[in-house]
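Novice: A single structure is presented below for examination.
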Amino acid sequence: MPKSNSGSRECISMHVGQAGVQMGNACWELYCLEHGIQPDGQMPSDKTLGGGDDSFNTFFSETGAGKHVPRAVFIDLEPTVIGDMLHPINKSCFQRSLIP
């Protein structure tokens, strides 16, 4: 398939239920490590200045403050499962205002 010049590609992931949320959380920890995004959602300055690789924009959205937040939806009826996401390495990567 030919590559379009019109814009970037974006991927939104959905994680449903306890197992889905836990697996999704593990995936996002890995995505942060692979793309060099720090636990607070910031990109190290040495990666942003010279690098032409912006593949992380497929999975992360950049806020006005320069923070990279996952393009993800986590759904579970049990609030403690999603609450547990705030404790691992990437706890600051998610927007707290969007977590009930």
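Within each chain, counting starts at residue 1; across the structure tokens, chains are named A, B, ... in the order shown, with ligands numbered 1 upward in that order.
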Using only C-alpha atoms, which residues sit within 12 Å of Pro70 in chain A once same-chain residues fewer than 2 positions away are excluded, as a VMD selection string?

Specialist: chain A and resid 10 to 14 24 to 25 27 to 32 35 37 39 to 42 56 to 63 67 to 68 72 to 74 90 to 95 98

Novice: Keeping only N, CA and C atoms, write the selected residues to a file as a short mmCIF file (atom, residue, chain, number, x, y, z; two decimals), in the first residue's frame.

Specialist:
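Here's the written file selection_20.cif:
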```
data_model
loop_
_atom_site.label_atom_id
_atom_site.label_comp_id
_atom_site.auth_asym_id
_atom_site.auth_seq_id
_atom_site.Cartn_x
_atom_site.Cartn_y
_atom_site.Cartn_z
N GLU A 10 -2.47 7.30 13.35
CA GLU A 10 -2.74 7.24 14.78
C GLU A 10 -3.42 5.93 15.10
N CYS A 11 -3.06 5.36 16.24
CA CYS A 11 -3.63 4.09 16.68
C CYS A 11 -4.21 4.29 18.08
N ILE A 12 -5.45 3.92 18.26
CA ILE A 12 -6.09 3.99 19.58
C ILE A 12 -6.36 2.57 20.03
N SER A 13 -5.88 2.23 21.22
CA SER A 13 -6.10 0.87 21.71
C SER A 13 -7.18 0.86 22.78
N MET A 14 -7.94 -0.23 22.81
CA MET A 14 -9.00 -0.40 23.81
C MET A 14 -8.68 -1.64 24.63
N GLY A 24 -3.11 -4.42 28.92
CA GLY A 24 -2.90 -3.12 28.31
C GLY A 24 -1.90 -2.28 29.08
N ASN A 25 -1.98 -2.33 30.40
CA ASN A 25 -1.05 -1.58 31.23
C ASN A 25 0.38 -2.07 30.99
N CYS A 27 1.47 -3.48 28.25
CA CYS A 27 1.84 -3.03 26.90
C CYS A 27 2.30 -1.58 26.91
N TRP A 28 1.59 -0.72 27.63
CA TRP A 28 1.95 0.69 27.64
C TRP A 28 3.26 0.94 28.36
N GLU A 29 3.57 0.13 29.38
CA GLU A 29 4.89 0.23 30.01
C GLU A 29 5.97 -0.08 28.98
N LEU A 30 5.73 -1.12 28.18
CA LEU A 30 6.69 -1.51 27.15
C LEU A 30 6.80 -0.44 26.06
N TYR A 31 5.67 0.12 25.61
CA TYR A 31 5.71 1.19 24.61
C TYR A 31 6.53 2.38 25.11
N CYS A 32 6.35 2.73 26.37
CA CYS A 32 7.13 3.85 26.94
C CYS A 32 8.62 3.53 26.90
N HIS A 35 9.99 3.56 23.20
CA HIS A 35 10.04 4.87 22.55
C HIS A 35 10.77 5.91 23.38
N ILE A 37 10.05 7.20 26.31
CA ILE A 37 9.20 8.16 27.01
C ILE A 37 9.31 7.89 28.50
N PRO A 39 8.56 8.01 32.66
CA PRO A 39 7.33 7.71 33.41
C PRO A 39 6.39 8.90 33.58
N ASP A 40 6.92 10.12 33.52
CA ASP A 40 6.06 11.30 33.65
C ASP A 40 5.50 11.76 32.30
N GLY A 41 5.77 11.00 31.24
CA GLY A 41 5.24 11.34 29.92
C GLY A 41 6.13 12.26 29.12
N GLN A 42 7.26 12.66 29.67
CA GLN A 42 8.17 13.57 28.98
C GLN A 42 9.13 12.79 28.10
N PHE A 56 6.59 7.34 17.64
CA PHE A 56 5.85 7.32 18.90
C PHE A 56 4.53 8.09 18.78
N ASN A 57 4.42 9.00 17.83
CA ASN A 57 3.18 9.77 17.66
C ASN A 57 2.02 8.90 17.22
N THR A 58 2.31 7.70 16.72
CA THR A 58 1.24 6.77 16.36
C THR A 58 0.49 6.32 17.60
N PHE A 59 1.22 6.12 18.69
CA PHE A 59 0.63 5.57 19.92
C PHE A 59 0.41 6.61 21.01
N PHE A 60 1.10 7.74 20.93
CA PHE A 60 1.02 8.75 21.98
C PHE A 60 0.53 10.08 21.41
N SER A 61 -0.20 10.81 22.22
CA SER A 61 -0.65 12.15 21.86
C SER A 61 0.15 13.14 22.71
N GLU A 62 0.61 14.21 22.11
CA GLU A 62 1.40 15.20 22.85
C GLU A 62 0.49 16.34 23.32
N THR A 63 0.55 16.63 24.62
CA THR A 63 -0.24 17.72 25.18
C THR A 63 0.47 19.05 24.92
N LYS A 67 3.85 16.82 27.21
CA LYS A 67 3.72 15.49 27.83
C LYS A 67 3.10 14.53 26.81
N HIS A 68 3.62 13.32 26.74
CA HIS A 68 3.10 12.31 25.82
C HIS A 68 2.18 11.37 26.59
N ALA A 72 -5.28 5.58 24.39
CA ALA A 72 -5.86 4.32 24.87
C ALA A 72 -7.14 4.56 25.65
N VAL A 73 -7.99 3.54 25.62
CA VAL A 73 -9.22 3.54 26.41
C VAL A 73 -9.19 2.27 27.25
N PHE A 74 -9.34 2.44 28.56
CA PHE A 74 -9.39 1.31 29.49
C PHE A 74 -10.80 1.25 30.06
N ASN A 90 4.51 3.71 34.88
CA ASN A 90 3.96 4.73 33.98
C ASN A 90 2.78 5.47 34.59
N LYS A 91 2.71 5.55 35.90
CA LYS A 91 1.53 6.12 36.56
C LYS A 91 1.28 7.57 36.16
N SER A 92 2.31 8.32 35.87
CA SER A 92 2.11 9.73 35.53
C SER A 92 1.87 9.93 34.04
N CYS A 93 2.03 8.89 33.27
CA CYS A 93 1.88 8.99 31.83
C CYS A 93 0.42 9.19 31.42
N PHE A 94 -0.50 8.67 32.22
CA PHE A 94 -1.92 8.80 31.92
C PHE A 94 -2.46 10.11 32.49
N GLN A 95 -3.42 10.70 31.81
CA GLN A 95 -4.02 11.95 32.29
C GLN A 95 -4.94 11.64 33.47
N LEU A 98 -8.75 12.21 33.46
CA LEU A 98 -9.62 11.32 32.71
C LEU A 98 -9.86 9.99 33.41
#
```

Novice: Pull the alpha helix (DSSP H) assignments for range 3-79 of chain A out of DSSP run on the backbone, and list those residues as a PDB file with C-alpha atoms, in the first residue's frame.

Specialist:
```pdb
ATOM      1  CA  GLY A  17     -12.121  -6.073  31.587  1.00  0.00           C
ATOM      2  CA  GLN A  18      -9.627  -6.973  34.277  1.00  0.00           C
ATOM      3  CA  ALA A  19      -7.368  -9.053  32.027  1.00  0.00           C
ATOM      4  CA  GLY A  20      -7.570  -6.496  29.217  1.00  0.00           C
ATOM      5  CA  VAL A  21      -6.694  -3.599  31.514  1.00  0.00           C
ATOM      6  CA  GLN A  22      -3.797  -5.484  33.103  1.00  0.00           C
ATOM      7  CA  MET A  23      -2.403  -6.595  29.741  1.00  0.00           C
ATOM      8  CA  GLY A  24      -2.897  -3.116  28.305  1.00  0.00           C
ATOM      9  CA  ASN A  25      -1.049  -1.584  31.232  1.00  0.00           C
ATOM     10  CA  ALA A  26       1.887  -3.940  30.618  1.00  0.00           C
ATOM     11  CA  CYS A  27       1.844  -3.032  26.903  1.00  0.00           C
ATOM     12  CA  TRP A  28       1.950   0.693  27.642  1.00  0.00           C
ATOM     13  CA  GLU A  29       4.890   0.228  30.014  1.00  0.00           C
ATOM     14  CA  LEU A  30       6.688  -1.512  27.146  1.00  0.00           C
ATOM     15  CA  TYR A  31       5.713   1.189  24.608  1.00  0.00           C
ATOM     16  CA  CYS A  32       7.126   3.847  26.941  1.00  0.00           C
ATOM     17  CA  LEU A  33      10.393   1.932  27.272  1.00  0.00           C
ATOM     18  CA  GLU A  34      10.666   1.253  23.530  1.00  0.00           C
ATOM     19  CA  HIS A  35      10.039   4.871  22.546  1.00  0.00           C
ATOM     20  CA  SER A  45      15.577  16.374  25.268  1.00  0.00           C
ATOM     21  CA  ASP A  46      18.266  14.418  23.400  1.00  0.00           C
ATOM     22  CA  LYS A  47      15.545  12.378  21.620  1.00  0.00           C
ATOM     23  CA  THR A  48      13.389  15.355  20.638  1.00  0.00           C
ATOM     24  CA  LEU A  49      16.090  17.642  19.269  1.00  0.00           C
ATOM     25  CA  GLY A  50      17.804  15.709  16.500  1.00  0.00           C
ATOM     26  CA  PRO A  79     -12.675   0.637  39.737  1.00  0.00           C
TER      27      PRO A  79
END
```
